[in-house]
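Data block for coords.txt (compact mmCIF, C-alpha atoms):
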```
# COMPACT_ATOMS: atom_id res chain seq x y z
CA MET A 76 8.85 -6.37 -3.42
CA GLN A 77 9.82 -8.11 -6.60
CA GLU A 78 8.22 -10.84 -8.67
CA GLY A 79 8.48 -14.18 -6.86
CA ALA A 80 9.66 -12.64 -3.58
CA GLY A 81 8.98 -14.70 -0.48
CA SER A 82 8.51 -13.96 3.20
CA ARG A 83 9.39 -10.69 4.87
CA PRO A 84 11.35 -10.03 8.06
CA GLY A 85 9.65 -9.49 11.43
CA LEU A 86 9.82 -6.58 13.86
CA GLY A 87 13.25 -5.74 15.32
CA SER A 88 13.63 -3.92 18.63
CA VAL A 89 17.36 -3.21 19.14
CA PHE A 90 18.70 0.09 17.85
CA ARG A 91 22.22 1.41 17.36
CA ASN A 92 22.24 3.51 20.51
CA ILE A 93 20.26 4.01 23.68
CA GLY A 94 18.18 6.87 22.25
CA TYR A 95 16.84 4.76 19.41
CA PHE A 96 16.33 1.84 21.81
CA PHE A 97 13.93 3.87 23.91
CA SER A 98 12.21 5.19 20.77
CA ALA A 99 11.51 1.60 19.76
CA LEU A 100 10.11 0.77 23.20
CA LEU A 101 7.85 3.81 23.00
CA VAL A 102 6.51 2.81 19.60
CA LEU A 103 5.86 -0.77 20.72
CA ALA A 104 4.17 0.38 23.91
CA LEU A 105 1.90 2.78 22.03
CA THR A 106 0.96 0.09 19.54
CA GLN A 107 0.10 -2.43 22.22
CA THR A 108 -1.84 0.12 24.27
CA VAL A 109 -3.89 1.57 21.41
CA LEU A 110 -4.83 -1.64 19.63
CA ALA A 111 -3.74 -4.76 21.51
CA ASP A 112 -6.73 -6.33 19.78
CA PRO A 113 -7.83 -3.73 17.23
CA PHE A 114 -11.39 -5.00 16.92
CA LYS A 115 -12.22 -6.06 20.48
CA ASP A 116 -10.53 -3.22 22.35
CA ALA A 117 -11.25 -0.22 20.13
CA THR A 118 -12.95 1.02 17.03
CA VAL A 119 -10.75 1.37 13.97
CA GLY A 120 -10.63 4.75 12.28
CA HIS A 121 -13.10 7.60 12.39
CA SER A 122 -15.75 9.18 10.17
CA ALA A 123 -14.02 10.35 7.00
CA THR A 124 -14.79 13.79 5.61
CA THR A 125 -13.63 13.13 2.04
CA PRO A 126 -15.25 10.57 -0.28
CA LEU A 127 -12.98 7.96 -1.82
CA ASP A 128 -11.99 8.61 -5.41
CA GLY A 129 -9.50 7.10 -7.83
CA SER A 130 -6.56 8.68 -6.02
CA TYR A 131 -7.01 6.14 -3.20
CA PHE A 132 -6.77 3.11 -5.49
CA GLY A 133 -3.25 2.61 -6.84
CA VAL A 134 -1.69 -0.24 -8.80
CA HIS A 135 1.60 -1.72 -10.04
CA ILE A 136 1.74 -3.23 -13.52
CA HIS A 137 4.98 -5.04 -14.31
CA ARG A 138 4.42 -5.39 -18.04
CA LEU A 139 2.43 -2.30 -18.90
CA VAL A 140 5.37 -1.58 -21.20
CA PRO A 141 6.76 -5.06 -21.96
CA LEU A 142 10.34 -6.01 -22.64
CA PRO A 143 11.07 -7.86 -25.90
CA GLY A 144 9.50 -11.31 -25.71
CA GLU A 145 7.11 -10.36 -22.89
CA ARG A 146 3.34 -10.30 -23.15
CA ALA A 147 1.97 -6.81 -22.50
CA SER A 148 -0.47 -6.28 -19.63
CA PRO A 149 -3.26 -3.94 -20.74
CA TRP A 150 -4.36 -1.18 -18.41
CA PRO A 151 -7.06 -2.55 -16.04
CA GLU A 152 -9.90 -0.32 -17.17
CA SER A 153 -12.64 -1.73 -14.94
CA ALA A 154 -10.89 -1.41 -11.58
CA GLY A 155 -10.76 2.40 -11.58
CA PHE A 156 -7.15 2.83 -10.48
CA GLY A 157 -6.12 6.47 -10.13
CA VAL A 158 -2.44 6.00 -9.26
CA LEU A 159 0.34 4.04 -10.98
CA ARG A 160 3.33 3.27 -8.77
CA LEU A 161 6.36 2.48 -10.88
CA TRP A 162 8.57 -0.20 -9.41
CA ASP A 163 9.50 -3.58 -10.89
CA SER A 164 8.47 -1.98 -14.16
CA GLY A 165 11.79 -1.44 -15.94
CA THR A 166 11.98 2.14 -14.65
CA ALA A 167 14.63 1.95 -11.90
CA TRP A 168 17.74 4.12 -12.02
CA PHE A 169 19.82 1.25 -13.42
CA ASP A 170 17.24 0.82 -16.21
CA ILE A 171 17.28 4.51 -17.10
CA GLN A 172 21.00 5.29 -16.92
CA ASN A 173 23.30 2.36 -17.61
CA ALA A 174 26.39 4.56 -18.06
CA PRO A 175 27.34 8.16 -17.22
CA GLY A 176 25.38 10.43 -19.54
CA ALA A 177 23.60 7.49 -21.23
CA TRP A 178 19.88 7.97 -20.60
CA HIS A 179 17.19 5.52 -21.72
CA PHE A 180 13.75 6.96 -21.03
CA ASP A 181 11.68 4.91 -23.49
CA ARG A 182 9.93 2.64 -20.97
CA LEU A 183 9.40 5.40 -18.44
CA ASP A 184 8.05 7.71 -21.16
CA ALA A 185 5.58 5.03 -22.26
CA SER A 186 4.52 4.26 -18.67
CA VAL A 187 3.88 7.92 -17.88
CA ASP A 188 1.96 8.31 -21.17
CA ALA A 189 -0.22 5.28 -20.38
CA ALA A 190 -1.04 6.58 -16.91
CA GLN A 191 -2.01 9.97 -18.28
CA GLN A 192 -4.21 8.40 -20.95
CA HIS A 193 -6.13 6.71 -18.13
CA HIS A 194 -6.24 9.80 -15.91
CA ALA A 195 -3.95 8.26 -13.30
CA LYS A 196 -1.24 10.00 -11.32
CA VAL A 197 2.30 8.62 -11.37
CA LEU A 198 4.33 7.78 -8.27
CA LEU A 199 7.91 6.93 -9.27
CA THR A 200 10.07 5.05 -6.79
CA LEU A 201 13.63 6.31 -6.95
CA GLY A 202 16.70 4.14 -6.48
CA GLY A 203 18.29 1.03 -7.86
CA THR A 204 21.84 2.33 -8.22
CA PRO A 205 23.53 1.49 -11.54
CA LYS A 206 26.82 -0.39 -11.26
CA TRP A 207 28.89 2.49 -12.57
CA ALA A 208 27.56 4.80 -9.81
CA SER A 209 27.47 2.29 -6.94
CA ALA A 210 29.52 2.51 -3.77
CA ARG A 211 29.70 -1.32 -3.81
CA PRO A 212 29.56 -2.42 -7.45
CA ASP A 213 30.20 -6.11 -6.70
CA GLU A 214 27.64 -6.44 -3.90
CA PRO A 215 24.69 -8.75 -4.77
CA CYS A 216 21.26 -7.16 -4.90
CA PRO A 217 17.77 -8.40 -5.89
CA TYR A 218 18.38 -7.41 -9.54
CA GLY A 219 21.99 -8.54 -9.95
CA HIS A 220 24.82 -6.55 -8.40
CA ALA A 221 25.45 -3.03 -7.12
CA CYS A 222 21.84 -1.73 -7.06
CA ALA A 223 21.31 -1.83 -3.27
CA ALA A 224 24.28 0.39 -2.43
CA GLU A 225 24.17 4.13 -2.04
CA PRO A 226 25.82 6.12 -4.86
CA LEU A 227 29.57 6.53 -4.44
CA HIS A 228 29.22 10.20 -5.45
CA LEU A 229 25.99 11.92 -4.46
CA GLU A 230 26.34 14.32 -7.37
CA ASP A 231 25.38 11.36 -9.59
CA TRP A 232 22.19 11.05 -7.52
CA ARG A 233 21.53 14.76 -7.93
CA ALA A 234 21.93 14.47 -11.70
CA TYR A 235 19.52 11.51 -11.77
CA VAL A 236 16.78 13.33 -9.86
CA MET A 237 17.41 16.48 -11.89
CA ALA A 238 17.01 14.59 -15.17
CA LEU A 239 13.67 13.16 -14.02
CA ALA A 240 12.36 16.50 -12.76
CA GLN A 241 13.34 18.39 -15.90
CA ARG A 242 12.01 15.77 -18.32
CA TYR A 243 8.68 14.96 -16.70
CA ARG A 244 7.89 18.12 -14.78
CA HIS A 245 4.49 17.62 -13.12
CA ARG A 246 3.62 14.58 -15.25
CA ILE A 247 5.15 12.64 -12.35
CA SER A 248 3.16 13.86 -9.39
CA ALA A 249 5.18 12.25 -6.59
CA TYR A 250 8.41 10.40 -5.84
CA GLU A 251 9.19 7.71 -3.27
CA LEU A 252 12.76 7.93 -2.01
CA TRP A 253 13.65 4.20 -2.21
CA ASN A 254 12.07 0.75 -2.07
CA GLU A 255 12.16 -1.26 1.19
CA PRO A 256 15.56 -0.26 2.56
CA ASN A 257 17.55 -2.11 5.17
CA LEU A 258 19.71 0.16 7.32
CA ARG A 259 23.09 -1.20 8.31
CA ASP A 260 22.98 1.02 11.42
CA LEU A 261 20.55 -1.56 12.85
CA PRO A 262 22.00 -4.84 14.16
CA ARG A 263 19.37 -6.96 12.39
CA ASP A 264 20.13 -5.34 9.01
CA ARG A 265 23.91 -5.38 9.20
CA ASN A 266 25.41 -7.54 6.42
CA GLN A 267 21.93 -8.52 5.25
CA PRO A 268 20.95 -8.37 1.56
CA GLY A 269 18.10 -6.17 0.44
CA PHE A 270 16.99 -3.33 -1.81
CA TYR A 271 19.19 -0.86 0.12
CA THR A 272 22.15 -1.85 2.27
CA GLY A 273 23.68 1.52 3.14
CA ASP A 274 23.45 3.63 6.28
CA VAL A 275 20.75 6.03 7.31
CA LYS A 276 23.04 9.07 6.94
CA SER A 277 23.38 8.46 3.19
CA LEU A 278 19.64 7.90 2.82
CA VAL A 279 18.85 11.16 4.61
CA GLU A 280 21.34 13.02 2.45
CA MET A 281 19.67 11.60 -0.67
CA ALA A 282 16.34 12.85 0.70
CA ARG A 283 17.82 16.31 1.22
CA ILE A 284 19.18 16.45 -2.33
CA ALA A 285 15.95 15.16 -3.88
CA ARG A 286 13.92 17.73 -1.93
CA GLU A 287 16.25 20.52 -3.05
CA VAL A 288 16.02 19.49 -6.71
CA LEU A 289 12.24 19.08 -6.69
CA ASN A 290 11.69 22.41 -4.95
CA ALA A 291 13.81 24.16 -7.55
CA GLN A 292 12.53 22.38 -10.66
CA VAL A 293 8.93 21.30 -9.93
CA PRO A 294 7.61 23.06 -6.82
CA GLY A 295 4.74 21.23 -5.21
CA THR A 296 5.87 17.77 -6.30
CA ALA A 297 5.60 15.42 -3.33
CA LEU A 298 8.45 13.34 -1.94
CA CYS A 299 7.66 10.54 0.49
CA THR A 300 9.92 8.49 2.72
CA PRO A 301 11.34 5.24 1.46
CA GLY A 302 8.70 2.52 1.33
CA PHE A 303 9.62 0.82 4.59
CA VAL A 304 8.50 -2.71 5.47
CA GLY A 305 8.91 -5.31 8.18
CA GLY A 306 9.13 -3.22 11.33
CA LEU A 307 9.03 0.28 12.75
CA ASP A 308 12.70 0.62 13.69
CA ARG A 309 13.80 1.56 10.16
CA LEU A 310 11.08 4.19 9.75
CA SER A 311 11.81 5.65 13.19
CA LEU A 312 15.54 5.74 12.54
CA PHE A 313 15.09 7.58 9.22
CA LEU A 314 12.68 10.15 10.63
CA ARG A 315 14.70 10.82 13.79
CA SER A 316 18.03 10.96 11.93
CA GLY A 317 17.02 14.05 9.99
CA GLY A 318 14.82 12.67 7.20
CA ALA A 319 11.54 14.12 8.48
CA PRO A 320 11.93 17.72 7.18
CA TYR A 321 12.38 16.57 3.58
CA VAL A 322 9.25 14.46 3.11
CA ASP A 323 5.60 15.23 2.46
CA ALA A 324 4.23 11.78 3.30
CA VAL A 325 5.21 8.56 5.03
CA CYS A 326 5.32 5.50 2.78
CA TYR A 327 5.00 2.02 4.20
CA HIS A 328 4.31 -1.44 2.79
CA PHE A 329 1.50 -3.03 4.77
CA TYR A 330 1.88 -6.74 4.06
CA ALA A 331 -0.18 -8.52 6.70
CA HIS A 332 -1.23 -11.95 7.96
CA ASP A 333 -4.85 -10.85 8.42
CA ASP A 334 -7.03 -7.81 9.04
CA ARG A 335 -5.93 -7.51 12.69
CA HIS A 336 -2.27 -7.49 11.72
CA PHE A 337 -2.98 -4.89 9.02
CA VAL A 338 -4.62 -2.50 11.49
CA GLU A 339 -1.93 -3.09 14.13
CA GLN A 340 0.72 -1.98 11.63
CA ILE A 341 -1.17 1.23 10.85
CA ALA A 342 -1.35 2.02 14.56
CA GLY A 343 2.37 1.35 14.91
CA VAL A 344 3.29 3.60 11.99
CA ARG A 345 1.14 6.40 13.41
CA ALA A 346 2.82 6.01 16.80
CA ALA A 347 6.28 6.18 15.20
CA MET A 348 5.29 9.26 13.24
CA LYS A 349 3.91 10.98 16.33
CA ALA A 350 7.08 10.18 18.29
CA ALA A 351 9.14 11.79 15.50
CA GLY A 352 6.95 14.90 15.36
CA VAL A 353 5.38 14.18 11.94
CA GLY A 354 2.01 12.82 13.00
CA HIS A 355 0.34 15.35 10.68
CA LEU A 356 1.74 13.83 7.49
CA PRO A 357 -0.39 11.52 5.30
CA ILE A 358 0.38 7.80 5.12
CA TRP A 359 0.67 6.15 1.71
CA ASN A 360 0.46 2.39 1.56
CA THR A 361 2.65 1.99 -1.50
CA GLU A 362 2.60 -1.82 -1.54
CA THR A 363 0.18 -4.47 -0.39
CA GLY A 364 -0.65 -7.78 -2.01
CA VAL A 365 -1.93 -11.17 -0.87
CA ASP A 366 -0.78 -14.37 -2.53
CA ALA A 367 -2.34 -17.82 -2.60
CA PRO A 368 -0.58 -21.21 -2.73
CA ALA A 369 0.23 -22.49 -6.20
CA PRO A 370 1.55 -25.85 -7.42
CA GLY A 371 5.29 -26.11 -7.05
CA ARG A 372 5.65 -22.90 -5.04
CA MET A 373 6.16 -22.47 -1.32
CA PRO A 374 3.56 -20.19 0.29
CA SER A 375 4.83 -16.92 1.67
CA GLU A 376 4.53 -15.68 5.23
CA PHE A 377 1.38 -13.80 4.22
CA SER A 378 -0.32 -16.37 1.97
CA ALA A 379 -4.08 -16.86 2.05
CA PRO A 380 -5.50 -20.41 1.75
CA SER A 381 -6.95 -19.85 -1.75
CA GLU A 382 -7.18 -17.28 -4.54
CA SER A 383 -10.69 -16.28 -3.44
CA ALA A 384 -9.51 -15.89 0.16
CA ALA A 385 -6.56 -13.77 -1.04
CA ALA A 386 -8.90 -11.47 -2.99
CA ALA A 387 -11.24 -11.17 -0.01
CA ARG A 388 -8.38 -10.32 2.34
CA LEU A 389 -7.09 -7.62 -0.02
CA LEU A 390 -10.54 -5.99 -0.09
CA GLN A 391 -10.70 -6.12 3.69
CA PHE A 392 -7.39 -4.24 3.77
CA GLU A 393 -8.63 -1.63 1.28
CA ILE A 394 -11.73 -0.93 3.38
CA LEU A 395 -9.81 -0.83 6.66
CA GLY A 396 -7.11 1.37 5.16
CA ALA A 397 -9.68 3.93 4.06
CA ALA A 398 -11.41 3.79 7.44
CA ALA A 399 -8.08 4.31 9.21
CA GLY A 400 -7.27 7.36 7.10
CA ILE A 401 -4.67 5.89 4.75
CA ALA A 402 -4.49 8.35 1.85
CA GLN A 403 -3.36 5.95 -0.89
CA PHE A 404 -3.44 2.16 -1.30
CA ASP A 405 -1.23 0.72 -4.06
CA PHE A 406 -2.02 -2.89 -4.94
CA TYR A 407 1.07 -5.02 -5.72
CA ALA A 408 0.68 -6.12 -8.41
CA TRP A 409 -1.88 -6.53 -11.20
CA ASP A 410 0.23 -9.02 -13.18
CA ASN A 411 2.54 -10.36 -10.46
CA GLY A 412 3.15 -14.11 -10.52
CA MET A 413 2.23 -14.50 -6.83
CA THR A 414 -0.21 -11.75 -5.89
CA GLY A 415 -1.62 -10.79 -9.31
CA VAL A 416 -5.17 -11.12 -10.61
CA VAL A 417 -4.32 -12.03 -14.20
CA ASP A 418 -2.79 -15.32 -15.33
CA ALA A 419 0.39 -15.88 -17.33
CA GLU A 420 -1.55 -15.34 -20.57
CA GLY A 421 -2.92 -12.01 -19.36
CA ARG A 422 -6.44 -13.31 -18.79
CA GLU A 423 -8.23 -11.81 -15.80
CA LYS A 424 -8.97 -14.16 -12.91
CA PRO A 425 -12.26 -13.96 -10.94
CA ALA A 426 -10.42 -11.84 -8.40
CA ALA A 427 -10.04 -9.05 -10.98
CA GLU A 428 -13.81 -8.72 -11.35
CA LEU A 429 -14.22 -8.94 -7.58
CA MET A 430 -11.80 -6.02 -7.20
CA ALA A 431 -13.53 -3.98 -9.91
CA ARG A 432 -16.97 -4.55 -8.34
CA ALA A 433 -15.70 -3.53 -4.91
CA HIS A 434 -13.95 -0.40 -6.22
CA ARG A 435 -17.13 0.71 -7.99
CA ALA A 436 -19.07 0.24 -4.76
CA LEU A 437 -16.48 2.07 -2.65
CA ARG A 438 -15.92 5.08 -4.88
CA GLY A 439 -17.79 8.07 -3.53
CA SER A 440 -18.05 6.56 -0.04
CA GLN A 441 -16.91 8.23 3.14
CA LEU A 442 -15.56 5.38 5.26
CA GLY A 443 -16.23 5.56 8.96
CA PRO A 444 -15.14 3.60 12.02
CA CYS A 445 -14.94 -0.19 12.07
CA ARG A 446 -15.76 -2.40 15.01
CA LEU A 447 -16.33 -6.01 16.02
CA VAL A 448 -19.88 -7.33 16.35
CA ASP A 449 -20.82 -10.79 17.64
CA ASP A 450 -17.21 -11.96 18.22
CA ASP A 451 -16.15 -12.57 14.63
CA ILE A 452 -18.00 -10.11 12.37
CA ARG A 453 -16.23 -6.89 11.40
CA LEU A 454 -18.49 -3.93 10.60
CA CYS A 455 -17.24 -0.74 8.92
CA GLU A 456 -19.59 2.20 8.50
CA ALA A 457 -19.75 4.32 5.37
CA HIS A 458 -21.85 7.13 3.96
CA GLN A 459 -22.55 7.74 0.30
CA GLY A 460 -24.91 10.35 -1.05
CA GLY A 461 -26.65 10.60 2.31
CA GLU A 462 -27.10 6.83 2.47
CA LEU A 463 -25.76 4.88 5.45
CA GLN A 464 -23.81 1.73 4.54
CA TRP A 465 -22.33 -1.14 6.48
CA TRP A 466 -19.46 -3.23 5.13
CA LEU A 467 -19.26 -6.61 6.89
CA TRP A 468 -17.03 -9.68 6.77
CA ARG A 469 -15.88 -12.54 8.95
CA GLY A 470 -12.42 -13.16 10.27
CA GLN A 471 -12.87 -16.78 9.18
CA VAL A 472 -13.41 -17.90 5.59
CA ALA A 473 -16.53 -20.05 6.10
CA PRO A 474 -19.70 -17.94 5.74
CA ARG A 475 -22.53 -17.96 8.25
CA ALA A 476 -25.77 -16.08 8.81
CA GLN A 477 -25.59 -12.99 10.99
CA LEU A 478 -28.65 -11.29 12.53
CA LEU A 479 -28.39 -7.49 12.42
CA ASP A 480 -30.50 -4.78 14.00
CA SER A 481 -31.56 -1.97 11.71
CA PRO A 482 -30.09 1.41 12.66
CA PRO A 483 -32.64 3.71 14.31
CA ASP A 484 -35.15 5.16 11.82
CA ARG A 485 -33.64 3.16 8.96
CA ILE A 486 -34.85 0.37 6.72
CA LEU A 487 -32.95 -1.98 4.44
CA GLY A 488 -32.10 -0.36 1.12
CA ALA A 489 -30.00 -3.00 -0.64
CA VAL A 490 -27.48 -5.76 -0.02
CA LEU A 491 -24.45 -6.16 -2.26
CA SER A 492 -21.93 -8.98 -2.16
CA THR A 493 -18.58 -8.37 -3.82
CA GLN A 494 -18.77 -12.00 -4.95
CA GLY A 495 -22.19 -11.69 -6.61
CA ALA A 496 -25.70 -12.06 -5.22
CA ALA A 497 -25.91 -11.75 -1.44
CA SER A 498 -27.94 -14.18 0.65
CA TYR A 499 -30.21 -12.41 3.14
CA ARG A 500 -33.75 -12.40 4.52
CA MET A 501 -35.85 -9.96 6.51
CA VAL A 502 -36.60 -11.48 9.90
CA ASP A 503 -39.02 -8.69 10.81
CA ALA A 504 -39.30 -4.96 10.23
CA ARG A 505 -36.26 -4.22 12.37
CA HIS A 506 -33.92 -7.16 11.71
CA VAL A 507 -32.16 -8.68 8.73
CA SER A 508 -30.23 -11.95 8.53
CA VAL A 509 -27.24 -11.75 6.18
CA VAL A 510 -24.82 -14.49 5.20
CA VAL A 511 -21.34 -13.12 5.89
CA GLY A 512 -18.02 -14.71 4.90
CA ALA A 513 -14.50 -13.45 4.32
CA SER A 514 -15.46 -11.43 1.25
CA PRO A 515 -17.00 -8.09 2.32
CA VAL A 516 -20.76 -7.59 1.99
CA ARG A 517 -22.32 -4.11 1.80
CA ILE A 518 -25.70 -3.27 3.29
CA SER A 519 -27.36 0.04 2.46
CA TRP A 520 -29.82 1.66 4.85
CA VAL A 521 -32.26 4.46 4.05
CA SER A 522 -34.54 6.49 6.30
CA ALA A 523 -37.68 4.74 7.49
CA GLY A 524 -39.81 6.87 5.20
CA GLY A 525 -37.82 5.66 2.21
CA VAL A 526 -36.33 9.11 1.71
CA ARG A 527 -32.60 9.52 2.03
CA PRO A 528 -31.71 12.26 4.49
```

Full structure transcribed into structure tokens:
Amino acid sequence: MQEGAGSRPGLGSVFRNIGYFFSALLVLALTQTVLADPFKDATVGHSATTPLDGSYFGVHIHRLVPLPGERASPWPESAGFGVLRLWDSGTAWFDIQNAPGAWHFDRLDASVDAAQQHHAKVLLTLGGTPKWASARPDEPCPYGHACAAEPLHLEDWRAYVMALAQRYRHRISAYELWNEPNLRDLPRDRNQPGFYTGDVKSLVEMARIAREVLNAQVPGTALCTPGFVGGLDRLSLFLRSGGAPYVDAVCYHFYAHDDRHFVEQIAGVRAAMKAAGVGHLPIWNTETGVDAPAPGRMPSEFSAPSESAAAARLLQFEILGAAAGIAQFDFYAWDNGMTGVVDAEGREKPAAELMARAHRALRGSQLGPCRLVDDDIRLCEAHQGGELQWWLWRGQVAPRAQLLDSPPDRILGAVLSTQGAASYRMVDARHVSVVVGASPVRISWVSAGGVRP
């Protein structure tokens, strides 16, 4: 995504040949069978074995290292981000190398330094072909011309990845192959603009070269797939065209209309991975943001009705992603004009404190399965330090009171609202009434004797 980007394309189902066509049908069938309605027909996720830490919470910051005339965005100390994904940050290939042999690492150096100072790992998204190296130098792209084409000579790509690996070594802990590619092999992508407009063969070859360079220069450095978005056909085509052996994780951008849509996409990605024989790989959600309408701007396909609703929906996604086993969740973007939580002057909006409060509450938790209770209330289980927790929210924005039974041999420990004080009352020794809206509420339960097990 880029600053000010609008709606995203929907799911395509027609592939270049009959083999890919049936792969797409298989993925769609699996998705519809597993989670036709992800909350009514099944539980979401399973009991996690690893507590959440900072490595789950990732962020993009456009102006961490500002260009001349820009206002710098300070590192968001309170939100506890443990990963910095670098994209739309002045660190693309065309930013770094504007001519053969002419390297400009200043902004990338400063970004990597800032992440290290705040104990965050760096995920660098590769790509953005400079005009001099582009196979189609006059083709429009989101940042001007040329940047969406594959390199004319793949040795230029090799030199680019080599320069990064040799300069930063393990200070960059992972690389993403490209941002949101279209694949001209697919009928819906042919002659369409985007961040990548080449064929899948070239993309797979770039994955092979990047894997070879990283293995030789910085063994153990992870490479994930391109950050796909807007449908499973592109991901499936890349994996089944030879890309699977070169990647350590699957990257996807889970922009969603609501919590159901978010979970449906996870199920679809897992089905596509399983069909391609890589169901064991971790999934990294390398972009998700939720925007709210603003004066003079058209809402996007995924807009929430208000800033508070957008913040609530993002937290729902973070909880569901952890429950579903997503390994990394990168918020796009801290200072973005549409989805960000700071204003144009760099002042934090209420959503920033909401995010920080939720991250503090979630860190150290082991997220468990989520399910639907009483038609419209979502309940996700968690454990933290032996304490049982329930995270609850409504599919609708308007809050209402919800009567809950205490778990067996448990009593109410505490109620936390991510928006401040929570409204609740004890009905009797075994029941509590909690006001639940779109913003998640956490209830803690302890053993009936008051001693945590």

Exercise for review: Write out as a PyMOL selection string which residues come within 12 Å of A:Gln471 when counting only C-alpha atoms, dropping same-chain ones fewer than 5 positions away.
Suggested key: chain A and resi 333-334+379-380+384+387-388+450-453+511-515

Go through stretch 362-434 of chain A and flag each residue having an atom no more than 9 Å from stretch 118-138 of chain A; for those, report the closest pair of atoms plus their distance in Å to one decimal, using only C-alpha atoms, ordered by chain and rising number, as CSV.
```
residue,atom,partner,partner_atom,distance
A:Glu362,CA,A:His135,CA,8.6
A:Glu393,CA,A:Phe132,CA,8.5
A:Leu395,CA,A:Val119,CA,7.7
A:Gly396,CA,A:Gly120,CA,8.6
A:Ala397,CA,A:Leu127,CA,7.9
A:Ala398,CA,A:Gly120,CA,5.0
A:Ala399,CA,A:Gly120,CA,4.0
A:Gly400,CA,A:Gly120,CA,6.7
A:Ile401,CA,A:Tyr131,CA,8.3
A:Ala402,CA,A:Tyr131,CA,6.1
A:Gln403,CA,A:Tyr131,CA,4.3
A:Phe404,CA,A:Phe132,CA,5.4
A:Asp405,CA,A:Gly133,CA,3.9
A:Phe406,CA,A:Val134,CA,4.7
A:Tyr407,CA,A:His135,CA,5.5
A:Ala408,CA,A:His135,CA,4.8
A:Trp409,CA,A:Ile136,CA,5.4
A:Asp410,CA,A:Ile136,CA,6.0
A:Asn411,CA,A:His137,CA,7.0
A:His434,CA,A:Phe132,CA,8.0
```

Check your understanding: A:Tyr327: which residues within 8 Å, counting only C-alpha atoms, same-chain residues fewer than 2 positions away excluded, as a list of chain:residue names?
Key ->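 Contacts, with the query itself left out: A:Pro301, A:Gly302, A:Phe303, A:Val304, A:Val325, A:Phe329, A:Ile358, A:Trp359, A:Asn360, A:Thr361, A:Glu362.
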
Output for the residues just chosen: C-alpha atoms as a PDB file, keeping the file's coordinate frame:
```
ATOM      1  CA  PRO A 301      11.340   5.240   1.460  1.00  0.00           C
ATOM      2  CA  GLY A 302       8.700   2.520   1.330  1.00  0.00           C
ATOM      3  CA  PHE A 303       9.620   0.820   4.590  1.00  0.00           C
ATOM      4  CA  VAL A 304       8.500  -2.710   5.470  1.00  0.00           C
ATOM      5  CA  VAL A 325       5.210   8.560   5.030  1.00  0.00           C
ATOM      6  CA  PHE A 329       1.500  -3.030   4.770  1.00  0.00           C
ATOM      7  CA  ILE A 358       0.380   7.800   5.120  1.00  0.00           C
ATOM      8  CA  TRP A 359       0.670   6.150   1.710  1.00  0.00           C
ATOM      9  CA  ASN A 360       0.460   2.390   1.560  1.00  0.00           C
ATOM     10  CA  THR A 361       2.650   1.990  -1.500  1.00  0.00           C
ATOM     11  CA  GLU A 362       2.600  -1.820  -1.540  1.00  0.00           C
TER      12      GLU A 362
END
```

Check your understanding: Interatomic distance between atom CA of A:Thr493 and atom CA of A:Ala433?
Key -> 5.7 Å

Practice item. For each of A:Ala210, A:Leu454, A:Leu198, A:Val521, take the minimum atom-to-atom distance to A:Cys299, counting all atoms listed in the file, then give the residue where this is smallest. Key: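 Nearest to A:Cys299: A:Leu198.
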
**Study point:** A:Ala221, A:Ile247, A:Val288, A:Pro215 ranked by distance to A:Thr200, top pick (using all atoms listed in the file)
**Key:**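 Comparing A:Ala221, A:Ile247, A:Val288, A:Pro215 against A:Thr200, the winner is A:Ile247.
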
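The list of residues with at least one atom within 8 Å of A:Gly318, based on all atoms listed in the file and without residues fewer than 6 positions apart in the same chain, reads Val279, Ala282, Arg283 and Thr300 of chain A.
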
Contacts of A:Gly176 within 12 Å, only C-alpha atoms, excl. fewer than 6 positions in-chain, as a CSV table (one decimal) with C-alpha atoms, in the frame of the given file:
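Below is the file that was written, around.csv:
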```
chain,number,residue,atom,x,y,z
A,207,TRP,CA,28.9,2.5,-12.6
A,208,ALA,CA,27.6,4.8,-9.8
A,231,ASP,CA,25.4,11.4,-9.6
A,234,ALA,CA,21.9,14.5,-11.7
A,235,TYR,CA,19.5,11.5,-11.8
A,238,ALA,CA,17.0,14.6,-15.2
```

Review point. If you count all atoms listed in the file, which residues fall within 12 Å of A:Ala427, apart from same-chain ones fewer than 3 positions away, as a VMD selection string?
Key: chain A and resid 151 to 155 382 to 383 385 to 387 389 to 390 406 408 to 410 414 to 418 421 to 424 430 to 434 493 to 494

**Study point:** Closest of A:Ala249, A:Ile518, A:Val293, A:Leu199 to A:Met237 - atom-to-atom distances counting only C-alpha atoms
**Key:**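 Ranking A:Ala249, A:Ile518, A:Val293, A:Leu199 by distance to A:Met237, first place goes to A:Val293.
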
Check your understanding: Using all atoms listed in the file, which of the listed residues (A:Ala351, A:Leu278, A:Val236, A:Ala297) sits closest to A:Val197?
Key -> A:Ala297

Practice item. State, in Å with one decimal place, the distance from atom CA of A:Leu142 to atom CA of A:Phe180. Key: 13.5 Å
